[in-house]
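Asks: Would you mind keeping the following structure in view while I ask a few things?
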Amino acid sequence: MDKKDPVALTDRISLIDGFDMGIAERTGTYVINEENLTIIETGPSPSVAYIKEGLEKLGHQLTDVKYIIVTHIHLDHAGGAGLLLQDCPNAKLVVHPKGARHLADPTRLVAGAKMVYGDRFDKLFAPVLPVPEERILVKGEGDILEIGQQCILEFWDSPGHANHHFAIIDPGSNAVFTGDTAGIHYEQLAKEGINFHLPSTSPNQFNPDLMRTSILRMKNEGFSRAFYGHYGMTDKPGEAFGQTLEWLEIFTNEAESALQAGENHFELAARLKKHIHRHLRSLGIEDNHEVYMLIELDLMVGAMGLLDYLDKKKDK
């Protein structure tokens, strides 16, 4: 199978790899094959070409797409929404109430991302196009969206990673699309039988208390599957959510120690990497495993978010 071929995860849900940052199995787009064809996550604009190719391979036309849902408005999840909508004339964009205005006018989103990514911004995210307001559909806590006669999606407010974040409940598969709130699923390890998950603590709205509450809500619901923004599906969501909560404690404790020691985010990322190396070695994973390229990217941004949260907390 070609790496660009969509992967069937259930009898009605497929995953298209968006090759975010040019990396396989980094960020993906889910396609729910119901009467109203629905996409979850667009990724950044450079991923849109892969989405269009993936839809074609699944036998869909761009005119078939009725809903494009983004779990939150960070550019690696929603940056391509404006570009994709141009080619999906019958689609509406579904977004959290706190995110809608920023997709209609992405000026602040772009400015914030440029602060983090600097001169890499254009390669990673451009173009970021505004979404016409008449094509935006806002959904908040407890709202529903009927995408088929037997499929009504439900939306849960799920802050912790970002304030403009919701989770999407799919009763047809007893599943939750978690976005980033419940952490990162490392598909490279899942293929080797290792269920490994870390929290996603990127700036600037990370809040460990809200994240913990959101994850516990998902864990207590007893879902059969969880679909992650980064990347893929686990059929052991209870175990996965528990792991993320455990690592969240480690991350926040190490961040407190790093702050007291006057360390920067590079030094905090190195602290966290030591814990992860120790854990993965115990599971038989070598230090040169390909997954570390992704883990190091995640830790670098995550360490920035952890220190940003503690700085804000200190200033209150």
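Quick note on naming: the chains in the structure tokens go A, B, ... in the order shown, residues restart at 1 in each chain, and ligands are numbered from 1 in order of appearance.
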Excluding Phe223 of chain A and any residue of its chain fewer than 5 positions from it, enumerate the residues within 12 Å of it, using only C-alpha atoms, and give them as a list in words.

Replies: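 The contact residues come out as Ile168, Ile169, Asp170, Pro171, Gly172, Ser173, Asn174, Ala175, Val176, Phe177, Thr178, Ile215, Leu216, Arg217, Met218, Thr234, Asp235, Lys236, Pro237, Gly238, Glu239, Ala240 and Phe241 of chain A.
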
Asks: Quick one: contact table of segment 216-298 of chain A to segment 5-12 of chain A, 10 Å max, nearest atom pair and distance in Å to one decimal per residue, counting only C-alpha atoms, chain and number order, as a tab-separated table?

Replies:
```
residue	atom	partner	partner_atom	distance
A:Phe227	CA	A:Leu9	CA	9.5
A:Gly232	CA	A:Leu9	CA	8.6
A:Met233	CA	A:Leu9	CA	7.5
A:Thr234	CA	A:Leu9	CA	9.8
```

Asks: Quick one: residues within 12 Å of Thr63 of chain A, only C-alpha atoms counted, chain neighbours fewer than 3 positions away excluded, as a ChimeraX atom specification?

Replies: /A:36-38,52,55-56,59-60,66-67,84-92

Asks: Find the residue from A:Gly118, A:Gly183, A:Pro97, A:Pro159 that sits nearest to Gly302 of chain A; use only C-alpha atoms when measuring.

Replies: A:Gly183

Asks: Measuring between only C-alpha atoms, which one of A:Leu62, A:Leu103, A:Ile68, A:Ala182 shows the shortest distance to Lys219 of chain A?

Replies: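 Going through A:Leu62, A:Leu103, A:Ile68, A:Ala182 one by one, the smallest distance to Lys219 of chain A is for A:Ala182.
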
Asks: What does the structure give for the distance between atom CA of Ala269 of chain A and atom CA of Leu248 of chain A, in Å to one decimal?

Replies: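 Going from atom CA of Ala269 of chain A over to atom CA of Leu248 of chain A, I get 13.7 Å.
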
Asks: Using only C-alpha atoms, which residue out of A:Ala81, A:Ala261, A:Val138, A:Leu75 lies closest to Leu109 of chain A?

Replies: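 Closest to Leu109 of chain A, using only C-alpha atoms: A:Leu75.
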
Asks: Can you pull out the residues contacting Tyr30 of chain A? Cut-off 6 Å, using only C-alpha atoms, and skip same-chain residues under 4 positions away; I want them as JSON, numbers by chain.

Replies: {"A": [14, 15, 39, 40]}

Asks: Could you list, as a PyMOL selection string, every residue within 9 Å of Gln205 of chain A, counting only C-alpha atoms and ignoring same-chain residues fewer than 6 positions away?

Replies: chain A and resi 159-163+305+308-309

Asks: Go ahead and save the residues from that selection, with N, CA, C and O atoms, as a PDB file, in the first residue's frame.

Replies:
```
ATOM      1  N   PRO A 159     -11.545  21.926  27.138  1.00  0.00           N
ATOM      2  CA  PRO A 159     -10.363  22.777  27.294  1.00  0.00           C
ATOM      3  C   PRO A 159      -9.218  22.036  27.984  1.00  0.00           C
ATOM      4  O   PRO A 159      -9.383  20.921  28.478  1.00  0.00           O
ATOM      5  N   GLY A 160      -8.089  22.692  28.027  1.00  0.00           N
ATOM      6  CA  GLY A 160      -6.887  22.118  28.641  1.00  0.00           C
ATOM      7  C   GLY A 160      -5.708  22.292  27.712  1.00  0.00           C
ATOM      8  O   GLY A 160      -4.645  22.779  28.100  1.00  0.00           O
ATOM      9  N   HIS A 161      -5.902  21.891  26.465  1.00  0.00           N
ATOM     10  CA  HIS A 161      -4.907  22.162  25.425  1.00  0.00           C
ATOM     11  C   HIS A 161      -5.134  23.559  24.853  1.00  0.00           C
ATOM     12  O   HIS A 161      -4.175  24.294  24.601  1.00  0.00           O
ATOM     13  N   ALA A 162      -6.396  23.897  24.640  1.00  0.00           N
ATOM     14  CA  ALA A 162      -6.786  25.221  24.144  1.00  0.00           C
ATOM     15  C   ALA A 162      -8.204  25.503  24.612  1.00  0.00           C
ATOM     16  O   ALA A 162      -8.999  24.582  24.811  1.00  0.00           O
ATOM     17  N   ASN A 163      -8.534  26.782  24.776  1.00  0.00           N
ATOM     18  CA  ASN A 163      -9.878  27.155  25.219  1.00  0.00           C
ATOM     19  C   ASN A 163     -10.918  26.996  24.116  1.00  0.00           C
ATOM     20  O   ASN A 163     -12.115  26.936  24.400  1.00  0.00           O
ATOM     21  N   GLY A 305       5.037  25.542  26.334  1.00  0.00           N
ATOM     22  CA  GLY A 305       3.706  25.695  26.918  1.00  0.00           C
ATOM     23  C   GLY A 305       3.692  25.508  28.417  1.00  0.00           C
ATOM     24  O   GLY A 305       2.988  26.231  29.145  1.00  0.00           O
ATOM     25  N   ASP A 308       5.298  28.608  29.940  1.00  0.00           N
ATOM     26  CA  ASP A 308       4.385  29.738  29.741  1.00  0.00           C
ATOM     27  C   ASP A 308       3.255  29.692  30.768  1.00  0.00           C
ATOM     28  O   ASP A 308       2.897  30.718  31.374  1.00  0.00           O
ATOM     29  N   TYR A 309       2.688  28.496  31.002  1.00  0.00           N
ATOM     30  CA  TYR A 309       1.614  28.347  31.993  1.00  0.00           C
ATOM     31  C   TYR A 309       2.108  28.732  33.385  1.00  0.00           C
ATOM     32  O   TYR A 309       1.433  29.465  34.124  1.00  0.00           O
TER      33      TYR A 309
END
```

Asks: Can you tell me, as a list in words, what residues are no more than 12 Å from Gly22 of chain A when counting only C-alpha atoms, ignoring any on the same chain fewer than 3 positions away?

Replies: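 Within the cut-off, the hits are Asp17, Gly18, Phe19, Glu25, Arg26, Thr27, Gly43, Pro44, Pro46, Ser47, Tyr50, Lys123, Leu124, Phe125 and Leu294 of chain A.
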
Asks: Which of these residues is nearest to Glu192 of chain A, using only C-alpha atoms: A:Val291, A:Ala111, A:Ile276, A:Leu259?

Replies: A:Val291

Asks: Mind checking DSSP for segment 10-200 of chain A and telling me the helix (DSSP H, G or I) residues as a ChimeraX atom specification?

Replies: /A:20-22,45-57,62-64,75-78,81-86,100-104,107-125,133-135,171-173,187-190

Asks: Those selected residues, please, written with C-alpha atoms and delivered as a PDB file, in the first residue's frame.

Replies:
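That gives us part_28.pdb:
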```pdb
ATOM      1  CA  ASP A  20       2.313  17.735   8.377  1.00  0.00           C
ATOM      2  CA  MET A  21       5.850  19.201   8.294  1.00  0.00           C
ATOM      3  CA  GLY A  22       6.539  16.668   5.552  1.00  0.00           C
ATOM      4  CA  SER A  45      -2.701  24.247   4.104  1.00  0.00           C
ATOM      5  CA  PRO A  46       0.161  22.079   2.739  1.00  0.00           C
ATOM      6  CA  SER A  47      -1.924  19.040   3.807  1.00  0.00           C
ATOM      7  CA  VAL A  48      -4.909  20.001   1.640  1.00  0.00           C
ATOM      8  CA  ALA A  49      -3.430  18.389  -1.487  1.00  0.00           C
ATOM      9  CA  TYR A  50      -3.150  15.085   0.396  1.00  0.00           C
ATOM     10  CA  ILE A  51      -6.756  15.371   1.604  1.00  0.00           C
ATOM     11  CA  LYS A  52      -8.026  15.935  -1.934  1.00  0.00           C
ATOM     12  CA  GLU A  53      -6.011  12.994  -3.214  1.00  0.00           C
ATOM     13  CA  GLY A  54      -7.217  10.818  -0.335  1.00  0.00           C
ATOM     14  CA  LEU A  55     -10.874  11.678  -0.932  1.00  0.00           C
ATOM     15  CA  GLU A  56     -10.477  10.754  -4.585  1.00  0.00           C
ATOM     16  CA  LYS A  57      -8.943   7.392  -3.620  1.00  0.00           C
ATOM     17  CA  LEU A  62     -15.083  17.386  -3.328  1.00  0.00           C
ATOM     18  CA  THR A  63     -18.687  18.392  -4.003  1.00  0.00           C
ATOM     19  CA  ASP A  64     -19.774  15.467  -1.766  1.00  0.00           C
ATOM     20  CA  LEU A  75      -2.945  25.882  12.425  1.00  0.00           C
ATOM     21  CA  ASP A  76      -1.774  22.268  12.384  1.00  0.00           C
ATOM     22  CA  HIS A  77      -5.457  21.277  12.749  1.00  0.00           C
ATOM     23  CA  ALA A  78      -7.423  24.052  11.061  1.00  0.00           C
ATOM     24  CA  ALA A  81      -9.765  25.078   6.341  1.00  0.00           C
ATOM     25  CA  GLY A  82     -10.075  28.209   4.183  1.00  0.00           C
ATOM     26  CA  LEU A  83      -8.093  26.654   1.349  1.00  0.00           C
ATOM     27  CA  LEU A  84     -10.028  23.365   1.399  1.00  0.00           C
ATOM     28  CA  LEU A  85     -13.405  25.117   1.546  1.00  0.00           C
ATOM     29  CA  GLN A  86     -12.624  26.844  -1.745  1.00  0.00           C
ATOM     30  CA  ALA A 100     -15.080  30.946  14.911  1.00  0.00           C
ATOM     31  CA  ARG A 101     -14.000  34.587  14.666  1.00  0.00           C
ATOM     32  CA  HIS A 102     -10.331  33.624  14.363  1.00  0.00           C
ATOM     33  CA  LEU A 103     -11.036  31.455  11.325  1.00  0.00           C
ATOM     34  CA  ALA A 104     -13.112  34.234   9.759  1.00  0.00           C
ATOM     35  CA  THR A 107      -4.707  37.556  11.521  1.00  0.00           C
ATOM     36  CA  ARG A 108      -4.055  36.818  15.199  1.00  0.00           C
ATOM     37  CA  LEU A 109      -3.659  33.092  14.559  1.00  0.00           C
ATOM     38  CA  VAL A 110      -0.998  33.781  11.961  1.00  0.00           C
ATOM     39  CA  ALA A 111       0.820  36.273  14.187  1.00  0.00           C
ATOM     40  CA  GLY A 112       0.875  33.821  17.101  1.00  0.00           C
ATOM     41  CA  ALA A 113       2.203  30.986  14.939  1.00  0.00           C
ATOM     42  CA  LYS A 114       4.911  33.224  13.483  1.00  0.00           C
ATOM     43  CA  MET A 115       6.127  33.951  17.017  1.00  0.00           C
ATOM     44  CA  VAL A 116       6.589  30.199  17.598  1.00  0.00           C
ATOM     45  CA  TYR A 117       7.806  29.077  14.156  1.00  0.00           C
ATOM     46  CA  GLY A 118       9.579  32.189  12.860  1.00  0.00           C
ATOM     47  CA  ASP A 119      10.884  31.991   9.310  1.00  0.00           C
ATOM     48  CA  ARG A 120       9.613  28.401   8.952  1.00  0.00           C
ATOM     49  CA  PHE A 121       6.018  29.660   9.022  1.00  0.00           C
ATOM     50  CA  ASP A 122       5.435  29.927   5.255  1.00  0.00           C
ATOM     51  CA  LYS A 123       6.763  26.457   4.516  1.00  0.00           C
ATOM     52  CA  LEU A 124       4.717  24.873   7.300  1.00  0.00           C
ATOM     53  CA  PHE A 125       1.425  26.772   7.117  1.00  0.00           C
ATOM     54  CA  GLU A 133     -18.661  33.794   7.945  1.00  0.00           C
ATOM     55  CA  GLU A 134     -21.745  32.409   6.201  1.00  0.00           C
ATOM     56  CA  ARG A 135     -19.966  29.072   5.856  1.00  0.00           C
ATOM     57  CA  PRO A 171     -22.124   7.015  18.854  1.00  0.00           C
ATOM     58  CA  GLY A 172     -21.881   4.801  15.740  1.00  0.00           C
ATOM     59  CA  SER A 173     -18.444   3.616  16.820  1.00  0.00           C
ATOM     60  CA  GLU A 187       1.338   5.338  15.735  1.00  0.00           C
ATOM     61  CA  GLN A 188       4.964   4.386  15.046  1.00  0.00           C
ATOM     62  CA  LEU A 189       4.979   2.546  18.390  1.00  0.00           C
ATOM     63  CA  ALA A 190       1.398   1.273  18.119  1.00  0.00           C
TER      64      ALA A 190
END
```

Asks: As an MDAnalysis selection string, list the residues of segment 58-260 of chain A assigned to strand (DSSP E) by DSSP on the backbone atoms of this structure.

Replies: chainID A and resid 65:69 92:95 136:138 144:148 151:157 166:170 175:179 184:185 197:198 225:228 232:234
